[in-house]
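Novice: Let me begin by handing over the structure; questions about it come next.
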Amino acid sequence: MAPTPDLPILPPDESLLSQKFGRETANYFSGSPLNRLSFLRTDLSFLRSAFSHPSAAFVLLNNLAPLVQASDSANLAFATGEDVKPLTGADPFGKTEEEQIREYNSEEPHSIIVFLGIDEKGALSPHSGLKDTEPFSFKDFKGTPYFAIDATPREKNTDAANKLAERMKEKGFEFYGGGPRHMALHSGQAAMYGYARAIIDWNARTPFCAQCGQPTLSVNAGTKRVCPPTDKASGEVKERKPCATRGTVSNHSFPRTDPTVIMAIINADGTKVLLGRQRRWPKYWYSTLAGFQEPGESIEEAVRREVWEESGVQVGRVVLHSSQPWPFPASLMIGAVGQALPGDGEKIYLGHDAELEDAKWFSLEEVKEALVKGTSNLGESAPEGYVEGGLRLPPQTAIANRLITSVVEGWWVLSKM
Ligand SMILES: [Zn+2]
């Protein structure tokens, strides 16, 4: 079983807000050390010099599995510019968006290359295994540039991707083989991987325009896909069908983030917490209730709706707790704590929605014990010391665990510094 990684550490904070609301909670997959410099994604001189700088580091994903050190899968491994050139070409940021669109040829291979940001504080370099070089600098910004590359062998890129994988193996690196959810990376690297994973997945799964169905082209350093008006396939420039995304700002052109509400519900007198379980989960495993935020409702309303639909419990006050990027594939988990209405409000009824096999009120003592003895990743066996029949819960890398922990620690009673 992989050890549970640490969570991001926030700097000390004595702000008035923390005095009133308690310290901020930083969840796993947040806390990236990278400055994304999103305003420079269209600046070719910046992208070209960052890409070609000797310190540039490349996160590789193969079917979304990250490249890691073969001897230590809690650490990402990074390719160099020399390594990735056969896949990306020597100068992938040599053309403006307008030029790329004008010269678009649907028959040419188009690699997915994402600028992730620069590591200004050198937080990742102890893990990178890259040689020390003069740091990259551009205007006021200085640090190691990080890019993500889709190294999945596909169609026209198959040869180059396979050769790159061979080269990485010779360096002692391999693509993580432990399933699609790599949850053991050190926290800063997990945040970087989560971002790379979400955005490469979006690019790979959006080869066609959602508005008109024609193939699209990745621009803005991997953060936008456009629907070109012409195609140079077979050597002649052909007009393509008209498309509404070309004239206006279109949400079909940008990466998705799907908001999801996830909530720890306490009973009216604050002595119990509501947890539920799905049929496919291991025996005795429970978690907080969760569901997709729908259009046309506030987060608080989504929490009340989901809890009532799944468990019959009626929730009154809802307070936002913290949030977690969850790149499987593109969720933002919005964590909340809610309180059930007294009396009939606490009654559990599973007949509305078949999603949960069971929902139950658990005493805070039972949950406290399970947080010590019964947490693990889904799919992993219970930890040592767990006694069969005891409550099992998600690990601290999941926001569900942080919400449950906050509730048993009396988050709503005290503001803790
Ligand atoms: Zn289109």
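Within each chain, counting starts at residue 1; across the structure tokens, chains are named A, B, ... in the order shown, with ligands numbered 1 upward in that order.
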Would you kindly return, as a CSV table (one decimal) with C-alpha atoms, in the first residue's frame, each protein, DNA or RNA residue with an atom no farther than 12 Å from any atom of Glu108 of chain A, considering only C-alpha atoms and excluding same-chain residues fewer than 3 positions away?
Specialist:
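Writing the result to part-v8.csv gives the following:
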```csv
chain,number,residue,atom,x,y,z
A,100,GLN,CA,-1.5,28.6,-37.0
A,103,GLU,CA,-2.0,27.3,-42.1
A,104,TYR,CA,-4.2,24.7,-40.4
A,105,ASN,CA,-3.9,21.3,-42.0
A,111,SER,CA,1.1,17.5,-30.4
A,155,GLU,CA,-1.7,7.8,-35.0
A,156,LYS,CA,0.9,10.1,-36.6
A,157,ASN,CA,2.8,10.5,-33.3
A,215,PRO,CA,-11.7,19.1,-36.0
A,217,LEU,CA,-6.6,23.1,-33.2
A,231,ASP,CA,-8.1,23.4,-44.0
A,232,LYS,CA,-4.9,22.8,-46.1
A,233,ALA,CA,-5.4,19.0,-46.2
A,234,SER,CA,-4.3,17.4,-49.5
A,235,GLY,CA,-2.4,20.5,-50.4
```
Novice: Check which residues fall inside 7 Å of ligand 1 when counting only C-alpha atoms and all ligand atoms, and print them as a VMD selection string.
Specialist: chain A and resid 209 to 214 227 243 to 245
Novice: Please, which residues of segment 94-197 of chain A, numbered as in this document, come out strand (DSSP E) from DSSP, as an MDAnalysis selection string?
Specialist: chainID A and resid 113:119 136:138 141:150 173:175
Novice: I'd like the neighbourhood of Val261 of chain A as a list in words, where a residue qualifies if any of its atoms comes within 10 Å (using only C-alpha atoms), though same-chain residues fewer than 5 positions away should be ignored.
Specialist: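 Surrounding residues, per the criterion: Leu289, Ala290, Gly291, Phe292, Gln293, Glu294, Ile299, Glu300, Glu301, Ala302, Val303, Arg304, Glu306, Leu320, Ser323, Ser331, Leu332, Met333, Ile334, Gly335 and Ala336 of chain A.
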Novice: Using only N, CA and C atoms, please write the residues we just selected to a file, as a PDB file, in the first residue's frame.
Specialist:
```pdb
ATOM      1  N   LEU A 289     -21.796  12.895   1.403  1.00  0.00           N
ATOM      2  CA  LEU A 289     -22.626  12.940   0.198  1.00  0.00           C
ATOM      3  C   LEU A 289     -22.041  13.978  -0.773  1.00  0.00           C
ATOM      4  N   ALA A 290     -22.291  13.763  -2.071  1.00  0.00           N
ATOM      5  CA  ALA A 290     -21.747  14.682  -3.080  1.00  0.00           C
ATOM      6  C   ALA A 290     -22.613  14.622  -4.328  1.00  0.00           C
ATOM      7  N   GLY A 291     -22.521  15.640  -5.148  1.00  0.00           N
ATOM      8  CA  GLY A 291     -23.259  15.616  -6.411  1.00  0.00           C
ATOM      9  C   GLY A 291     -22.911  16.816  -7.265  1.00  0.00           C
ATOM     10  N   PHE A 292     -23.280  16.767  -8.536  1.00  0.00           N
ATOM     11  CA  PHE A 292     -22.941  17.861  -9.448  1.00  0.00           C
ATOM     12  C   PHE A 292     -23.792  19.098  -9.172  1.00  0.00           C
ATOM     13  N   GLN A 293     -23.106  20.214  -9.165  1.00  0.00           N
ATOM     14  CA  GLN A 293     -23.773  21.515  -9.123  1.00  0.00           C
ATOM     15  C   GLN A 293     -24.524  21.691 -10.446  1.00  0.00           C
ATOM     16  N   GLU A 294     -25.788  22.045 -10.382  1.00  0.00           N
ATOM     17  CA  GLU A 294     -26.556  22.203 -11.623  1.00  0.00           C
ATOM     18  C   GLU A 294     -26.694  23.671 -11.997  1.00  0.00           C
ATOM     19  N   ILE A 299     -24.619  27.394  -4.704  1.00  0.00           N
ATOM     20  CA  ILE A 299     -23.922  26.252  -4.098  1.00  0.00           C
ATOM     21  C   ILE A 299     -24.713  25.751  -2.887  1.00  0.00           C
ATOM     22  N   GLU A 300     -25.200  26.688  -2.072  1.00  0.00           N
ATOM     23  CA  GLU A 300     -25.959  26.299  -0.872  1.00  0.00           C
ATOM     24  C   GLU A 300     -27.197  25.490  -1.267  1.00  0.00           C
ATOM     25  N   GLU A 301     -27.873  25.932  -2.334  1.00  0.00           N
ATOM     26  CA  GLU A 301     -29.075  25.208  -2.789  1.00  0.00           C
ATOM     27  C   GLU A 301     -28.728  23.828  -3.330  1.00  0.00           C
ATOM     28  N   ALA A 302     -27.592  23.736  -4.028  1.00  0.00           N
ATOM     29  CA  ALA A 302     -27.172  22.427  -4.561  1.00  0.00           C
ATOM     30  C   ALA A 302     -26.912  21.456  -3.413  1.00  0.00           C
ATOM     31  N   VAL A 303     -26.283  21.954  -2.337  1.00  0.00           N
ATOM     32  CA  VAL A 303     -26.031  21.108  -1.167  1.00  0.00           C
ATOM     33  C   VAL A 303     -27.360  20.608  -0.598  1.00  0.00           C
ATOM     34  N   ARG A 304     -28.319  21.526  -0.407  1.00  0.00           N
ATOM     35  CA  ARG A 304     -29.609  21.117   0.185  1.00  0.00           C
ATOM     36  C   ARG A 304     -30.343  20.138  -0.734  1.00  0.00           C
ATOM     37  N   GLU A 306     -29.068  18.070  -3.149  1.00  0.00           N
ATOM     38  CA  GLU A 306     -28.410  16.760  -3.248  1.00  0.00           C
ATOM     39  C   GLU A 306     -28.647  15.919  -1.985  1.00  0.00           C
ATOM     40  N   LEU A 320     -19.635  27.309   3.468  1.00  0.00           N
ATOM     41  CA  LEU A 320     -18.555  26.791   2.619  1.00  0.00           C
ATOM     42  C   LEU A 320     -17.305  26.548   3.468  1.00  0.00           C
ATOM     43  N   SER A 323     -12.150  23.965  -0.915  1.00  0.00           N
ATOM     44  CA  SER A 323     -12.418  23.351  -2.218  1.00  0.00           C
ATOM     45  C   SER A 323     -11.202  22.560  -2.676  1.00  0.00           C
ATOM     46  N   SER A 331     -13.255  17.990 -12.285  1.00  0.00           N
ATOM     47  CA  SER A 331     -14.153  18.514 -11.261  1.00  0.00           C
ATOM     48  C   SER A 331     -13.459  19.526 -10.367  1.00  0.00           C
ATOM     49  N   LEU A 332     -14.255  20.411  -9.828  1.00  0.00           N
ATOM     50  CA  LEU A 332     -13.840  21.228  -8.699  1.00  0.00           C
ATOM     51  C   LEU A 332     -14.769  20.847  -7.559  1.00  0.00           C
ATOM     52  N   MET A 333     -14.223  20.195  -6.544  1.00  0.00           N
ATOM     53  CA  MET A 333     -15.042  19.780  -5.402  1.00  0.00           C
ATOM     54  C   MET A 333     -15.213  20.981  -4.478  1.00  0.00           C
ATOM     55  N   ILE A 334     -16.449  21.390  -4.288  1.00  0.00           N
ATOM     56  CA  ILE A 334     -16.729  22.522  -3.407  1.00  0.00           C
ATOM     57  C   ILE A 334     -17.225  21.952  -2.081  1.00  0.00           C
ATOM     58  N   GLY A 335     -16.377  22.040  -1.065  1.00  0.00           N
ATOM     59  CA  GLY A 335     -16.668  21.396   0.218  1.00  0.00           C
ATOM     60  C   GLY A 335     -17.478  22.306   1.126  1.00  0.00           C
ATOM     61  N   ALA A 336     -18.528  21.762   1.715  1.00  0.00           N
ATOM     62  CA  ALA A 336     -19.389  22.545   2.592  1.00  0.00           C
ATOM     63  C   ALA A 336     -19.726  21.740   3.836  1.00  0.00           C
TER      64      ALA A 336
END
```
Novice: Give me the residues near Arg279 of chain A as a VMD selection string, where near means some atom within 12 Å (using only C-alpha atoms) and where sequence neighbours in that chain fewer than 2 positions away do not count.
Specialist: chain A and resid 276 to 277 281 to 286 354 to 359
Novice: Can you list, as JSON, numbers by chain, every protein, DNA or RNA residue that comes within 9 Å of Gly222 of chain A when you count only C-alpha atoms, leaving out same-chain residues fewer than 6 positions away?
Specialist: {"A": [41, 112, 113, 114, 115, 199, 200, 203]}
Novice: List the neighbours of Lys224 of chain A out to 8 Å using only C-alpha atoms; skip same-chain residues closer than 2 positions along the sequence, and give me the result as a list in words.
Specialist: Ser218, Val219, Asn220, Ala221, Gly222, Val226, Ser253, Phe254 and Pro255 of chain A
Novice: Taking only C-alpha atoms into account, name the residue in A:Ser381, A:Thr397, A:Ser45, A:Asn267 that is nearest to Asp344 of chain A.
Specialist: A:Asn267
Novice: Write out as a ChimeraX atom specification the set of residues from segment 14-143 of chain A that DSSP, computed on the backbone, places in alpha helix (DSSP H).
Specialist: /A:16-21,44-52,81-88,97-102,125-128
Novice: Counting only C-alpha atoms, figure out which residue out of A:Thr42, A:Thr152, A:Thr96, A:Ser15 gets nearest to Leu60 of chain A.
Specialist: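 When distances to Leu60 of chain A are compared using only C-alpha atoms, the smallest one comes from A:Thr152.
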Novice: Quick one: residues within 12 Å of Asn62 of chain A, only C-alpha atoms, excluding same-chain residues fewer than 2 positions away - as an MDAnalysis selection string?
Specialist: chainID A and resid 59:60 64:68 112 148:154 158 161:162 164:165 174:177 179:180 196:197 200:201 204
Novice: Go through A:Gly410, A:Pro33, A:Gly194, A:Pro394 one by one, measure the shortest atom-to-atom distance of each to Asn377 of chain A using only C-alpha atoms, and give the residue with the smallest value.
Specialist: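 The answer is A:Pro394, which sits nearest to Asn377 of chain A.
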Novice: Using only C-alpha atoms, which of the listed residues (A:Ser106, A:Ser18, A:Ser287, A:Thr257) sits closest to Arg240 of chain A?
Specialist: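 Of all the options, A:Ser106 lies closest to Arg240 of chain A.
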Novice: Counting only C-alpha atoms, which of A:Gln396, A:Asn75, A:Thr25, A:Asn401 gets nearest to Met192 of chain A?
Specialist: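 Ranking A:Gln396, A:Asn75, A:Thr25, A:Asn401 by distance to Met192 of chain A, first place goes to A:Asn75.
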